[in-house]
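Undergrad: Input structure: query.txt, which contains compact mmCIF, C-alpha atoms.
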```
# COMPACT_ATOMS: atom_id res chain seq x y z
CA MET F 1 -37.10 -35.60 -114.67
CA ALA F 2 -36.98 -36.56 -118.34
CA GLU F 3 -38.97 -39.71 -118.98
CA PHE F 4 -39.98 -41.29 -122.27
CA THR F 5 -42.71 -43.74 -123.12
CA LEU F 6 -42.47 -46.57 -125.65
CA LEU F 7 -45.25 -48.42 -127.43
CA PRO F 8 -44.64 -51.73 -129.23
CA ILE F 9 -44.65 -51.38 -133.03
CA ALA F 10 -44.26 -55.12 -133.64
CA TRP F 11 -44.09 -58.43 -131.81
CA VAL F 12 -41.69 -61.37 -131.97
CA VAL F 13 -43.00 -64.73 -133.13
CA SER F 14 -40.45 -67.45 -132.42
CA THR F 15 -40.17 -71.17 -131.85
CA ARG F 16 -38.21 -70.26 -128.73
CA THR F 17 -40.46 -69.53 -125.77
CA VAL F 18 -38.04 -69.75 -122.86
CA THR F 19 -35.02 -67.61 -121.99
CA GLU F 20 -31.93 -69.53 -123.10
CA ASP F 21 -28.63 -68.07 -124.18
CA ASP F 22 -27.33 -69.99 -127.17
CA ALA F 23 -28.01 -71.64 -130.55
CA TRP F 24 -30.42 -69.02 -131.86
CA ASP F 25 -30.04 -70.18 -135.47
CA GLN F 26 -31.99 -73.31 -134.57
CA GLU F 27 -35.15 -71.24 -134.24
CA ARG F 28 -37.60 -69.97 -136.83
CA SER F 29 -38.63 -66.43 -136.10
CA SER F 30 -40.44 -63.42 -137.45
CA LEU F 31 -41.67 -59.96 -136.55
CA VAL F 32 -45.36 -59.12 -136.93
CA LEU F 33 -46.49 -55.49 -137.02
CA ASP F 34 -48.69 -54.31 -134.18
CA ASP F 35 -52.33 -53.71 -135.15
CA ALA F 36 -51.84 -49.95 -134.74
CA VAL F 37 -49.17 -49.82 -137.47
CA PRO F 38 -50.19 -49.71 -141.15
CA THR F 39 -48.49 -52.04 -143.64
CA GLU F 40 -47.22 -48.89 -145.40
CA ALA F 41 -44.49 -48.68 -142.73
CA LEU F 42 -42.72 -51.58 -144.49
CA ILE F 43 -42.59 -50.12 -148.02
CA GLY F 44 -39.17 -50.76 -149.53
CA ILE F 45 -37.87 -52.83 -146.62
CA ALA F 46 -37.24 -55.84 -148.89
CA SER F 47 -34.43 -53.90 -150.58
CA PHE F 48 -32.33 -54.42 -147.43
CA SER F 49 -30.62 -57.67 -146.42
CA HIS F 50 -30.28 -56.85 -142.72
CA LEU F 51 -32.30 -55.08 -140.03
CA GLU F 52 -31.52 -53.73 -136.62
CA ILE F 53 -34.21 -54.65 -134.09
CA ILE F 54 -34.72 -52.75 -130.85
CA ALA F 55 -36.88 -54.55 -128.30
CA VAL F 56 -37.80 -54.53 -124.63
CA ALA F 57 -36.81 -57.46 -122.42
CA HIS F 58 -40.33 -57.50 -121.04
CA ARG F 59 -39.79 -60.39 -118.62
CA VAL F 60 -36.98 -58.60 -116.84
CA VAL F 61 -38.26 -56.79 -113.77
CA ASP F 62 -37.56 -53.11 -114.42
CA GLY F 63 -35.81 -50.76 -112.14
CA ALA F 64 -34.35 -51.16 -108.72
CA ASN F 65 -32.54 -54.46 -109.16
CA VAL F 66 -30.06 -53.55 -111.89
CA ARG F 67 -26.57 -54.73 -111.02
CA TRP F 68 -24.21 -52.01 -112.19
CA SER F 69 -21.41 -54.51 -112.70
CA ARG F 70 -20.97 -58.26 -112.71
CA ARG F 71 -19.11 -61.05 -114.44
CA PRO F 72 -20.82 -61.89 -117.76
CA ARG F 73 -22.97 -65.00 -117.34
CA GLY F 74 -21.53 -65.27 -113.82
CA ARG F 75 -18.37 -66.89 -115.25
CA THR F 76 -15.64 -66.61 -112.64
CA ASP F 77 -12.97 -66.89 -115.35
CA TRP F 78 -14.32 -63.75 -117.07
CA PRO F 79 -13.65 -60.21 -115.78
CA GLU F 80 -16.08 -58.03 -113.86
CA GLN F 81 -17.79 -55.74 -116.39
CA GLY F 82 -19.98 -52.70 -115.98
CA VAL F 83 -23.51 -53.02 -117.32
CA PHE F 84 -22.62 -50.74 -120.28
CA ALA F 85 -19.65 -52.97 -121.11
CA GLN F 86 -22.02 -55.93 -121.55
CA ARG F 87 -25.03 -56.64 -123.75
CA ASN F 88 -27.07 -58.80 -121.35
CA LYS F 89 -30.75 -58.16 -120.76
CA ASP F 90 -30.58 -57.20 -117.07
CA ARG F 91 -29.90 -53.51 -117.67
CA PRO F 92 -31.41 -50.08 -117.14
CA ASN F 93 -34.34 -49.57 -119.52
CA ARG F 94 -34.26 -53.29 -120.49
CA LEU F 95 -33.52 -52.44 -124.13
CA LEU F 96 -32.17 -55.13 -126.46
CA SER F 97 -30.62 -54.50 -129.85
CA THR F 98 -29.86 -57.15 -132.40
CA THR F 99 -28.96 -57.39 -136.08
CA VAL F 100 -30.87 -59.95 -138.14
CA GLN F 101 -30.91 -61.11 -141.73
CA LEU F 102 -34.19 -60.40 -143.52
CA LEU F 103 -35.28 -63.58 -145.29
CA ALA F 104 -38.72 -62.61 -146.60
CA VAL F 105 -41.47 -60.03 -146.30
CA ASP F 106 -44.93 -61.54 -146.13
CA GLY F 107 -47.54 -58.79 -145.78
CA ARG F 108 -47.22 -57.55 -142.21
CA GLU F 109 -44.71 -60.23 -141.24
CA LEU F 110 -40.92 -60.12 -141.58
CA HIS F 111 -39.23 -63.52 -141.59
CA VAL F 112 -35.74 -63.19 -140.19
CA ARG F 113 -32.66 -65.19 -139.23
CA GLY F 114 -30.62 -64.77 -136.07
CA LEU F 115 -33.25 -63.07 -133.92
CA ASP F 116 -32.17 -63.66 -130.31
CA LEU F 117 -35.52 -62.74 -128.79
CA ILE F 118 -38.16 -65.05 -127.37
CA ASP F 119 -41.73 -65.40 -128.55
CA GLY F 120 -43.95 -62.51 -127.46
CA THR F 121 -41.18 -59.93 -127.05
CA PRO F 122 -42.38 -56.37 -127.79
CA VAL F 123 -40.38 -54.65 -130.54
CA VAL F 124 -40.07 -50.87 -130.32
CA ASP F 125 -38.09 -50.10 -133.49
CA ILE F 126 -36.93 -51.62 -136.76
CA LYS F 127 -34.15 -49.93 -138.75
CA PRO F 128 -32.48 -51.02 -141.97
CA VAL F 129 -28.74 -51.70 -141.91
CA PHE F 130 -26.93 -49.48 -144.40
CA ARG F 131 -23.53 -50.40 -145.83
CA TRP F 132 -21.97 -47.65 -143.74
CA THR F 133 -23.81 -47.72 -140.39
CA GLY F 134 -21.51 -50.24 -138.68
CA PRO F 135 -18.01 -49.69 -137.30
CA ARG F 136 -15.74 -47.78 -139.70
CA THR F 137 -12.48 -48.99 -138.15
CA PRO F 138 -11.49 -52.55 -137.13
CA VAL F 139 -13.40 -53.83 -134.09
CA VAL F 140 -11.33 -54.49 -130.98
CA ALA F 141 -13.05 -56.54 -128.27
CA PRO F 142 -11.86 -58.63 -125.32
CA GLU F 143 -11.41 -62.40 -125.45
CA TRP F 144 -14.43 -63.10 -123.19
CA SER F 145 -16.79 -61.47 -125.70
CA ASP F 146 -15.41 -63.64 -128.54
CA GLU F 147 -15.87 -66.71 -126.36
CA LEU F 148 -19.43 -65.71 -125.50
CA GLY F 149 -20.21 -65.64 -129.22
CA ARG F 150 -18.86 -69.08 -129.99
CA ASP F 151 -22.15 -70.97 -129.56
CA TYR F 152 -24.51 -68.02 -129.69
CA PHE F 153 -26.01 -68.60 -133.12
CA MET M 1 -51.88 -51.89 -123.64
CA ALA M 2 -48.19 -52.63 -123.15
CA GLU M 3 -46.24 -49.46 -122.47
CA PHE M 4 -42.66 -49.03 -121.34
CA THR M 5 -40.90 -46.15 -119.68
CA LEU M 6 -37.34 -45.03 -120.32
CA LEU M 7 -35.05 -42.96 -118.14
CA PRO M 8 -31.87 -41.35 -119.49
CA ILE M 9 -28.68 -43.10 -118.33
CA ALA M 10 -26.36 -40.58 -119.99
CA TRP M 11 -26.39 -37.32 -121.94
CA VAL M 12 -24.75 -36.21 -125.15
CA VAL M 13 -22.21 -33.39 -125.02
CA SER M 14 -21.43 -32.17 -128.52
CA THR M 15 -20.14 -29.15 -130.39
CA ARG M 16 -23.24 -29.57 -132.60
CA THR M 17 -26.29 -27.92 -131.09
CA VAL M 18 -28.64 -27.75 -134.09
CA THR M 19 -30.24 -30.51 -136.13
CA GLU M 20 -28.18 -30.92 -139.31
CA ASP M 21 -27.75 -34.05 -141.34
CA ASP M 22 -24.15 -34.33 -142.45
CA ALA M 23 -20.43 -34.01 -141.62
CA TRP M 24 -20.64 -35.45 -138.12
CA ASP M 25 -16.91 -36.15 -137.95
CA GLN M 26 -16.32 -32.42 -137.72
CA GLU M 27 -17.76 -32.42 -134.20
CA ARG M 28 -16.19 -33.28 -130.86
CA SER M 29 -18.58 -35.29 -128.75
CA SER M 30 -18.89 -37.34 -125.61
CA LEU M 31 -21.39 -39.13 -123.40
CA VAL M 32 -21.63 -38.22 -119.73
CA LEU M 33 -23.32 -40.58 -117.27
CA ASP M 34 -26.50 -39.35 -115.63
CA ASP M 35 -26.14 -38.51 -111.94
CA ALA M 36 -28.25 -41.54 -111.00
CA VAL M 37 -25.77 -43.97 -112.58
CA PRO M 38 -22.64 -45.02 -110.66
CA THR M 39 -19.25 -44.96 -112.43
CA GLU M 40 -19.12 -48.74 -111.82
CA ALA M 41 -21.41 -49.13 -114.87
CA LEU M 42 -18.41 -48.38 -117.10
CA ILE M 43 -15.97 -50.98 -115.70
CA GLY M 44 -14.16 -52.70 -118.56
CA ILE M 45 -15.67 -50.51 -121.29
CA ALA M 46 -12.22 -49.33 -122.42
CA SER M 47 -11.50 -52.85 -123.69
CA PHE M 48 -13.91 -52.19 -126.57
CA SER M 49 -13.17 -50.04 -129.62
CA HIS M 50 -16.80 -49.37 -130.58
CA LEU M 51 -20.11 -48.77 -128.80
CA GLU M 52 -23.72 -48.86 -129.86
CA ILE M 53 -25.64 -45.87 -128.53
CA ILE M 54 -29.43 -45.85 -128.19
CA ALA M 55 -30.93 -42.41 -127.67
CA VAL M 56 -34.23 -40.54 -127.82
CA ALA M 57 -34.73 -37.82 -130.45
CA HIS M 58 -36.13 -35.59 -127.72
CA ARG M 59 -36.85 -32.61 -129.98
CA VAL M 60 -39.13 -34.66 -132.23
CA VAL M 61 -42.75 -34.30 -131.19
CA ASP M 62 -43.86 -37.77 -130.18
CA GLY M 63 -46.89 -39.54 -131.40
CA ALA M 64 -49.61 -38.57 -133.76
CA ASN M 65 -47.59 -36.99 -136.56
CA VAL M 66 -45.48 -39.96 -137.65
CA ARG M 67 -45.51 -40.33 -141.41
CA TRP M 68 -45.64 -44.05 -142.12
CA SER M 69 -43.86 -43.60 -145.41
CA ARG M 70 -42.06 -40.84 -147.29
CA ARG M 71 -39.10 -40.20 -149.56
CA PRO M 72 -35.87 -40.04 -147.49
CA ARG M 73 -34.89 -36.40 -146.96
CA GLY M 74 -37.78 -35.50 -149.27
CA ARG M 75 -35.58 -36.28 -152.28
CA THR M 76 -37.87 -36.77 -155.27
CA ASP M 77 -35.22 -38.89 -157.01
CA TRP M 78 -35.25 -41.39 -154.13
CA PRO M 79 -38.02 -43.98 -153.68
CA GLU M 80 -40.88 -43.80 -151.20
CA GLN M 81 -39.83 -45.80 -148.12
CA GLY M 82 -41.75 -46.99 -145.10
CA VAL M 83 -40.60 -45.59 -141.76
CA PHE M 84 -39.04 -48.97 -140.86
CA ALA M 85 -37.09 -48.95 -144.14
CA GLN M 86 -35.41 -45.66 -143.10
CA ARG M 87 -33.32 -44.55 -140.15
CA ASN M 88 -34.52 -40.94 -139.83
CA LYS M 89 -35.53 -39.47 -136.50
CA ASP M 90 -39.23 -38.87 -137.25
CA ARG M 91 -40.40 -42.31 -136.25
CA PRO M 92 -42.58 -44.10 -133.70
CA ASN M 93 -40.88 -44.06 -130.28
CA ARG M 94 -38.26 -41.55 -131.57
CA LEU M 95 -35.41 -44.02 -130.93
CA LEU M 96 -32.03 -43.45 -132.55
CA SER M 97 -29.26 -46.02 -132.75
CA THR M 98 -25.72 -45.30 -133.78
CA THR M 99 -22.32 -46.97 -133.70
CA VAL M 100 -19.41 -44.87 -132.48
CA GLN M 101 -15.71 -45.34 -131.96
CA LEU M 102 -14.63 -45.07 -128.32
CA LEU M 103 -11.64 -42.73 -128.13
CA ALA M 104 -11.11 -42.39 -124.39
CA VAL M 105 -12.75 -43.03 -121.03
CA ASP M 106 -12.37 -40.14 -118.61
CA GLY M 107 -14.11 -40.96 -115.33
CA ARG M 108 -17.83 -40.66 -116.08
CA GLU M 109 -17.29 -39.35 -119.60
CA LEU M 110 -16.83 -41.34 -122.80
CA HIS M 111 -15.13 -39.46 -125.62
CA VAL M 112 -16.33 -40.82 -128.93
CA ARG M 113 -16.07 -40.32 -132.70
CA GLY M 114 -18.94 -40.37 -135.16
CA LEU M 115 -21.78 -39.61 -132.74
CA ASP M 116 -24.62 -38.24 -134.88
CA LEU M 117 -26.57 -36.78 -131.97
CA ILE M 118 -26.86 -33.16 -130.94
CA ASP M 119 -25.86 -31.65 -127.62
CA GLY M 120 -28.30 -32.46 -124.81
CA THR M 121 -29.73 -35.64 -126.34
CA PRO M 122 -30.82 -38.17 -123.69
CA VAL M 123 -29.11 -41.56 -124.05
CA VAL M 124 -31.07 -44.61 -122.89
CA ASP M 125 -28.54 -47.40 -123.49
CA ILE M 126 -24.87 -48.02 -124.24
CA LYS M 127 -23.79 -51.45 -125.49
CA PRO M 128 -20.33 -52.65 -126.55
CA VAL M 129 -19.88 -53.86 -130.13
CA PHE M 130 -18.62 -57.43 -130.19
CA ARG M 131 -16.72 -58.87 -133.16
CA TRP M 132 -19.79 -60.96 -134.01
CA THR M 133 -22.80 -58.73 -133.30
CA GLY M 134 -22.98 -57.16 -136.76
CA PRO M 135 -24.30 -58.70 -140.00
CA ARG M 136 -22.96 -62.22 -140.61
CA THR M 137 -23.56 -62.17 -144.36
CA PRO M 138 -22.74 -59.43 -146.90
CA VAL M 139 -24.91 -56.33 -146.54
CA VAL M 140 -27.23 -55.57 -149.44
CA ALA M 141 -28.75 -52.08 -149.46
CA PRO M 142 -30.30 -49.83 -152.12
CA GLU M 143 -28.38 -47.12 -153.95
CA TRP M 144 -30.17 -44.24 -152.18
CA SER M 145 -28.89 -45.41 -148.79
CA ASP M 146 -25.29 -45.47 -150.10
CA GLU M 147 -25.77 -41.99 -151.49
CA LEU M 148 -27.19 -40.74 -148.17
CA GLY M 149 -24.00 -41.90 -146.48
CA ARG M 150 -21.60 -40.13 -148.80
CA ASP M 151 -21.31 -36.91 -146.78
CA TYR M 152 -22.70 -38.19 -143.51
CA PHE M 153 -19.49 -38.35 -141.48
```
Go through the file and emit its structure as structure tokens.
TA:
Amino acid sequence: MAEFTLLPIAWVVSTRTVTEDDAWDQERSSLVLDDAVPTEALIGIASFSHLEIIAVAHRVVDGANVRWSRRPRGRTDWPEQGVFAQRNKDRPNRLLSTTVQLLAVDGRELHVRGLDLIDGTPVVDIKPVFRWTGPRTPVVAPEWSDELGRDYF
Amino acid sequence: MAEFTLLPIAWVVSTRTVTEDDAWDQERSSLVLDDAVPTEALIGIASFSHLEIIAVAHRVVDGANVRWSRRPRGRTDWPEQGVFAQRNKDRPNRLLSTTVQLLAVDGRELHVRGLDLIDGTPVVDIKPVFRWTGPRTPVVAPEWSDELGRDYF
């Protein structure tokens, strides 16, 4: 069976240390390169305004307990959704993906805004956002996902 | 040392079978759920127009040979960039992330547009794009990244 191994390339530093869903803009947060990664890996990154961060929800117990579908946040007024029709952390492979604004590069530390990851989260990739890497046609999404975003940042 | 293991949850089916950089819109492509994943995982996914796909560049040799910085596509007229200031596949953890348009859901198969992954690529996550999960401020990016996108799709 195909199986792949990930090593952290950076770590989240955040004023948020507990798992809570909303108001992420209240926090100060940054990404610090892992000791195994040379500073060279960040050359030119300051020329981008936004980054895509891929991380592992390390506090989620991996494996057997994934629910393949559920109502987002358990809200009975929202529809049952498959795990791949949601972005929540309780998912196969526990991967999280989030787009942040890059505020400043300070040596091996990237200060960012809008990082919805708690302190100590292992980061497994950082990619710059290009002007053309997002959706190329208008985004259609259900009402519940708009509502979920109302107090998120 | 922290280390995480990934299992494929789906596989790429594409008319493109060799690694080439551009003109991805010429291909027909889809994602097919892995046998271990129940169809239930896709409930409600058709209510979204776009998906974020996280995959492993399985043909890249993992590990020791990562170049921490280089010129994108080896172009001498483009600046040296750190690996985290580029999106190319030769990177630590070999993770790829791409946003596609969802054209149709057919049982365990998702027909998509703009998938820049070759046939047989293992997919490790699928997330819906919400109206608010992209950049919240205007995207700034260097000229070379615009140029790279010109013939990409």
Undergrad: Please provide the set of residues having any atom within 9 Å of range 82-90 of chain F, restricted to only C-alpha atoms, with same-chain residues fewer than 5 positions apart removed, written as a CSV table (one decimal) with C-alpha atoms, in the coordinates of the input.
TA:
```csv
chain,number,residue,atom,x,y,z
F,56,VAL,CA,-37.8,-54.5,-124.6
F,57,ALA,CA,-36.8,-57.5,-122.4
F,60,VAL,CA,-37.0,-58.6,-116.8
F,61,VAL,CA,-38.3,-56.8,-113.8
F,62,ASP,CA,-37.6,-53.1,-114.4
F,65,ASN,CA,-32.5,-54.5,-109.2
F,66,VAL,CA,-30.1,-53.6,-111.9
F,67,ARG,CA,-26.6,-54.7,-111.0
F,68,TRP,CA,-24.2,-52.0,-112.2
F,69,SER,CA,-21.4,-54.5,-112.7
F,70,ARG,CA,-21.0,-58.3,-112.7
F,71,ARG,CA,-19.1,-61.0,-114.4
F,72,PRO,CA,-20.8,-61.9,-117.8
F,73,ARG,CA,-23.0,-65.0,-117.3
F,95,LEU,CA,-33.5,-52.4,-124.1
F,96,LEU,CA,-32.2,-55.1,-126.5
F,97,SER,CA,-30.6,-54.5,-129.8
F,145,SER,CA,-16.8,-61.5,-125.7
M,39,THR,CA,-19.2,-45.0,-112.4
M,40,GLU,CA,-19.1,-48.7,-111.8
M,41,ALA,CA,-21.4,-49.1,-114.9
M,42,LEU,CA,-18.4,-48.4,-117.1
M,43,ILE,CA,-16.0,-51.0,-115.7
M,44,GLY,CA,-14.2,-52.7,-118.6
M,45,ILE,CA,-15.7,-50.5,-121.3
M,46,ALA,CA,-12.2,-49.3,-122.4
M,47,SER,CA,-11.5,-52.8,-123.7
M,48,PHE,CA,-13.9,-52.2,-126.6
M,51,LEU,CA,-20.1,-48.8,-128.8
M,125,ASP,CA,-28.5,-47.4,-123.5
M,126,ILE,CA,-24.9,-48.0,-124.2
M,127,LYS,CA,-23.8,-51.4,-125.5
M,128,PRO,CA,-20.3,-52.6,-126.6
M,129,VAL,CA,-19.9,-53.9,-130.1
```
Undergrad: Compare F:His50, F:Arg28, F:Arg16, F:Arg113 by their minimum atom-to-atom distance to chain M, counting all atoms listed in the file, and give me the closest one.
TA: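 Ranking F:His50, F:Arg28, F:Arg16, F:Arg113 by distance to chain M, first place goes to F:His50.
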Undergrad: I want to know what sits within 12 Å of Arg150 in chain F, based on all atoms listed in the file, with residues of the same chain fewer than 4 positions away left out; could you give that as an mmCIF file with C-alpha atoms, in the coordinates of the input?
TA:
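Printed below is part_38.cif as written:
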```
data_model
loop_
_atom_site.group_PDB
_atom_site.id
_atom_site.type_symbol
_atom_site.label_atom_id
_atom_site.label_comp_id
_atom_site.auth_asym_id
_atom_site.auth_seq_id
_atom_site.Cartn_x
_atom_site.Cartn_y
_atom_site.Cartn_z
ATOM 1 C CA ASP F 21 -28.630 -68.070 -124.180
ATOM 2 C CA ASP F 22 -27.330 -69.990 -127.170
ATOM 3 C CA ALA F 23 -28.010 -71.640 -130.550
ATOM 4 C CA TRP F 24 -30.420 -69.020 -131.860
ATOM 5 C CA GLU F 143 -11.410 -62.400 -125.450
ATOM 6 C CA TRP F 144 -14.430 -63.100 -123.190
ATOM 7 C CA SER F 145 -16.790 -61.470 -125.700
ATOM 8 C CA ASP F 146 -15.410 -63.640 -128.540
ATOM 9 C CA PHE M 130 -18.620 -57.430 -130.190
ATOM 10 C CA ARG M 131 -16.720 -58.870 -133.160
ATOM 11 C CA TRP M 132 -19.790 -60.960 -134.010
ATOM 12 C CA THR M 133 -22.800 -58.730 -133.300
#
```
Undergrad: Please compute the CA of Tyr152 in chain M-CA of Arg136 in chain M distance, one decimal, in Å.
TA: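 If I compute the distance from CA of Tyr152 in chain M to CA of Arg136 in chain M, I get 24.2 Å.
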Undergrad: How would chain M read as a compact mmCIF listing (two decimals) with C-alpha atoms, in the coordinates of the input after a least-squares superposition onto chain F over every Cα atom, matched in order?
TA:
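Output (result_20.txt):
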```
# COMPACT_ATOMS: atom_id res chain seq x y z
CA MET M 1 -37.10 -35.60 -114.67
CA ALA M 2 -36.98 -36.57 -118.34
CA GLU M 3 -38.97 -39.72 -118.99
CA PHE M 4 -39.98 -41.30 -122.27
CA THR M 5 -42.70 -43.75 -123.12
CA LEU M 6 -42.47 -46.57 -125.65
CA LEU M 7 -45.24 -48.42 -127.42
CA PRO M 8 -44.64 -51.72 -129.23
CA ILE M 9 -44.67 -51.39 -133.03
CA ALA M 10 -44.27 -55.13 -133.64
CA TRP M 11 -44.09 -58.45 -131.82
CA VAL M 12 -41.70 -61.37 -131.97
CA VAL M 13 -43.01 -64.74 -133.13
CA SER M 14 -40.46 -67.45 -132.41
CA THR M 15 -40.17 -71.17 -131.86
CA ARG M 16 -38.19 -70.25 -128.71
CA THR M 17 -40.47 -69.52 -125.78
CA VAL M 18 -38.03 -69.73 -122.85
CA THR M 19 -35.02 -67.60 -121.98
CA GLU M 20 -31.92 -69.50 -123.12
CA ASP M 21 -28.63 -68.03 -124.19
CA ASP M 22 -27.33 -69.94 -127.17
CA ALA M 23 -28.01 -71.63 -130.54
CA TRP M 24 -30.42 -69.01 -131.85
CA ASP M 25 -30.04 -70.15 -135.46
CA GLN M 26 -31.97 -73.28 -134.57
CA GLU M 27 -35.15 -71.22 -134.23
CA ARG M 28 -37.60 -69.96 -136.84
CA SER M 29 -38.63 -66.42 -136.09
CA SER M 30 -40.45 -63.42 -137.45
CA LEU M 31 -41.68 -59.96 -136.54
CA VAL M 32 -45.36 -59.12 -136.95
CA LEU M 33 -46.50 -55.49 -137.04
CA ASP M 34 -48.69 -54.31 -134.19
CA ASP M 35 -52.32 -53.69 -135.16
CA ALA M 36 -51.83 -49.94 -134.74
CA VAL M 37 -49.16 -49.81 -137.46
CA PRO M 38 -50.19 -49.70 -141.14
CA THR M 39 -48.47 -52.05 -143.63
CA GLU M 40 -47.22 -48.89 -145.40
CA ALA M 41 -44.48 -48.70 -142.73
CA LEU M 42 -42.71 -51.58 -144.48
CA ILE M 43 -42.58 -50.13 -148.02
CA GLY M 44 -39.15 -50.76 -149.53
CA ILE M 45 -37.87 -52.85 -146.62
CA ALA M 46 -37.24 -55.85 -148.89
CA SER M 47 -34.42 -53.91 -150.57
CA PHE M 48 -32.33 -54.43 -147.43
CA SER M 49 -30.62 -57.68 -146.43
CA HIS M 50 -30.29 -56.87 -142.71
CA LEU M 51 -32.32 -55.08 -140.04
CA GLU M 52 -31.53 -53.73 -136.61
CA ILE M 53 -34.22 -54.66 -134.10
CA ILE M 54 -34.73 -52.75 -130.84
CA ALA M 55 -36.89 -54.55 -128.31
CA VAL M 56 -37.82 -54.53 -124.63
CA ALA M 57 -36.82 -57.47 -122.42
CA HIS M 58 -40.35 -57.50 -121.03
CA ARG M 59 -39.80 -60.40 -118.62
CA VAL M 60 -36.98 -58.59 -116.83
CA VAL M 61 -38.26 -56.76 -113.78
CA ASP M 62 -37.57 -53.10 -114.43
CA GLY M 63 -35.82 -50.76 -112.14
CA ALA M 64 -34.35 -51.17 -108.74
CA ASN M 65 -32.52 -54.47 -109.15
CA VAL M 66 -30.05 -53.55 -111.89
CA ARG M 67 -26.57 -54.73 -111.01
CA TRP M 68 -24.20 -52.01 -112.18
CA SER M 69 -21.42 -54.50 -112.69
CA ARG M 70 -20.97 -58.27 -112.69
CA ARG M 71 -19.11 -61.06 -114.44
CA PRO M 72 -20.83 -61.90 -117.77
CA ARG M 73 -22.96 -65.02 -117.34
CA GLY M 74 -21.51 -65.28 -113.83
CA ARG M 75 -18.37 -66.89 -115.28
CA THR M 76 -15.64 -66.60 -112.66
CA ASP M 77 -12.96 -66.86 -115.37
CA TRP M 78 -14.32 -63.74 -117.09
CA PRO M 79 -13.64 -60.21 -115.79
CA GLU M 80 -16.06 -58.03 -113.86
CA GLN M 81 -17.78 -55.73 -116.39
CA GLY M 82 -19.98 -52.70 -115.97
CA VAL M 83 -23.51 -53.03 -117.31
CA PHE M 84 -22.63 -50.75 -120.26
CA ALA M 85 -19.64 -52.97 -121.10
CA GLN M 86 -22.02 -55.95 -121.55
CA ARG M 87 -25.03 -56.65 -123.74
CA ASN M 88 -27.08 -58.81 -121.35
CA LYS M 89 -30.76 -58.18 -120.76
CA ASP M 90 -30.58 -57.20 -117.07
CA ARG M 91 -29.90 -53.54 -117.66
CA PRO M 92 -31.42 -50.10 -117.12
CA ASN M 93 -34.35 -49.58 -119.51
CA ARG M 94 -34.26 -53.31 -120.48
CA LEU M 95 -33.51 -52.45 -124.13
CA LEU M 96 -32.17 -55.13 -126.46
CA SER M 97 -30.63 -54.49 -129.85
CA THR M 98 -29.87 -57.14 -132.41
CA THR M 99 -28.97 -57.39 -136.08
CA VAL M 100 -30.88 -59.94 -138.14
CA GLN M 101 -30.91 -61.11 -141.72
CA LEU M 102 -34.19 -60.40 -143.53
CA LEU M 103 -35.30 -63.58 -145.29
CA ALA M 104 -38.72 -62.62 -146.61
CA VAL M 105 -41.46 -60.02 -146.31
CA ASP M 106 -44.94 -61.53 -146.15
CA GLY M 107 -47.53 -58.77 -145.81
CA ARG M 108 -47.21 -57.55 -142.22
CA GLU M 109 -44.70 -60.22 -141.24
CA LEU M 110 -40.92 -60.13 -141.59
CA HIS M 111 -39.24 -63.52 -141.59
CA VAL M 112 -35.75 -63.19 -140.20
CA ARG M 113 -32.65 -65.19 -139.23
CA GLY M 114 -30.62 -64.77 -136.07
CA LEU M 115 -33.26 -63.07 -133.91
CA ASP M 116 -32.17 -63.66 -130.31
CA LEU M 117 -35.53 -62.74 -128.79
CA ILE M 118 -38.16 -65.06 -127.38
CA ASP M 119 -41.74 -65.41 -128.54
CA GLY M 120 -43.96 -62.52 -127.46
CA THR M 121 -41.19 -59.93 -127.05
CA PRO M 122 -42.39 -56.38 -127.79
CA VAL M 123 -40.38 -54.65 -130.53
CA VAL M 124 -40.07 -50.87 -130.32
CA ASP M 125 -38.09 -50.10 -133.48
CA ILE M 126 -36.94 -51.63 -136.76
CA LYS M 127 -34.16 -49.93 -138.73
CA PRO M 128 -32.48 -51.03 -141.97
CA VAL M 129 -28.73 -51.70 -141.89
CA PHE M 130 -26.93 -49.50 -144.39
CA ARG M 131 -23.53 -50.43 -145.84
CA TRP M 132 -21.96 -47.67 -143.74
CA THR M 133 -23.80 -47.73 -140.40
CA GLY M 134 -21.51 -50.24 -138.71
CA PRO M 135 -18.00 -49.68 -137.29
CA ARG M 136 -15.73 -47.78 -139.70
CA THR M 137 -12.49 -49.01 -138.15
CA PRO M 138 -11.50 -52.56 -137.12
CA VAL M 139 -13.39 -53.84 -134.09
CA VAL M 140 -11.33 -54.49 -130.98
CA ALA M 141 -13.04 -56.53 -128.26
CA PRO M 142 -11.84 -58.62 -125.30
CA GLU M 143 -11.40 -62.39 -125.44
CA TRP M 144 -14.42 -63.12 -123.20
CA SER M 145 -16.78 -61.46 -125.69
CA ASP M 146 -15.40 -63.63 -128.53
CA GLU M 147 -15.85 -66.70 -126.37
CA LEU M 148 -19.44 -65.71 -125.51
CA GLY M 149 -20.20 -65.63 -129.22
CA ARG M 150 -18.87 -69.07 -130.02
CA ASP M 151 -22.15 -70.95 -129.54
CA TYR M 152 -24.50 -68.00 -129.69
CA PHE M 153 -26.04 -68.59 -133.12
```
Undergrad: Mind giving me the straight-line distance from CA of Leu115 in chain M to CA of Ile53 in chain F in Å, one decimal?
TA: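 CA of Ile53 in chain F lies 19.6 Å from CA of Leu115 in chain M.
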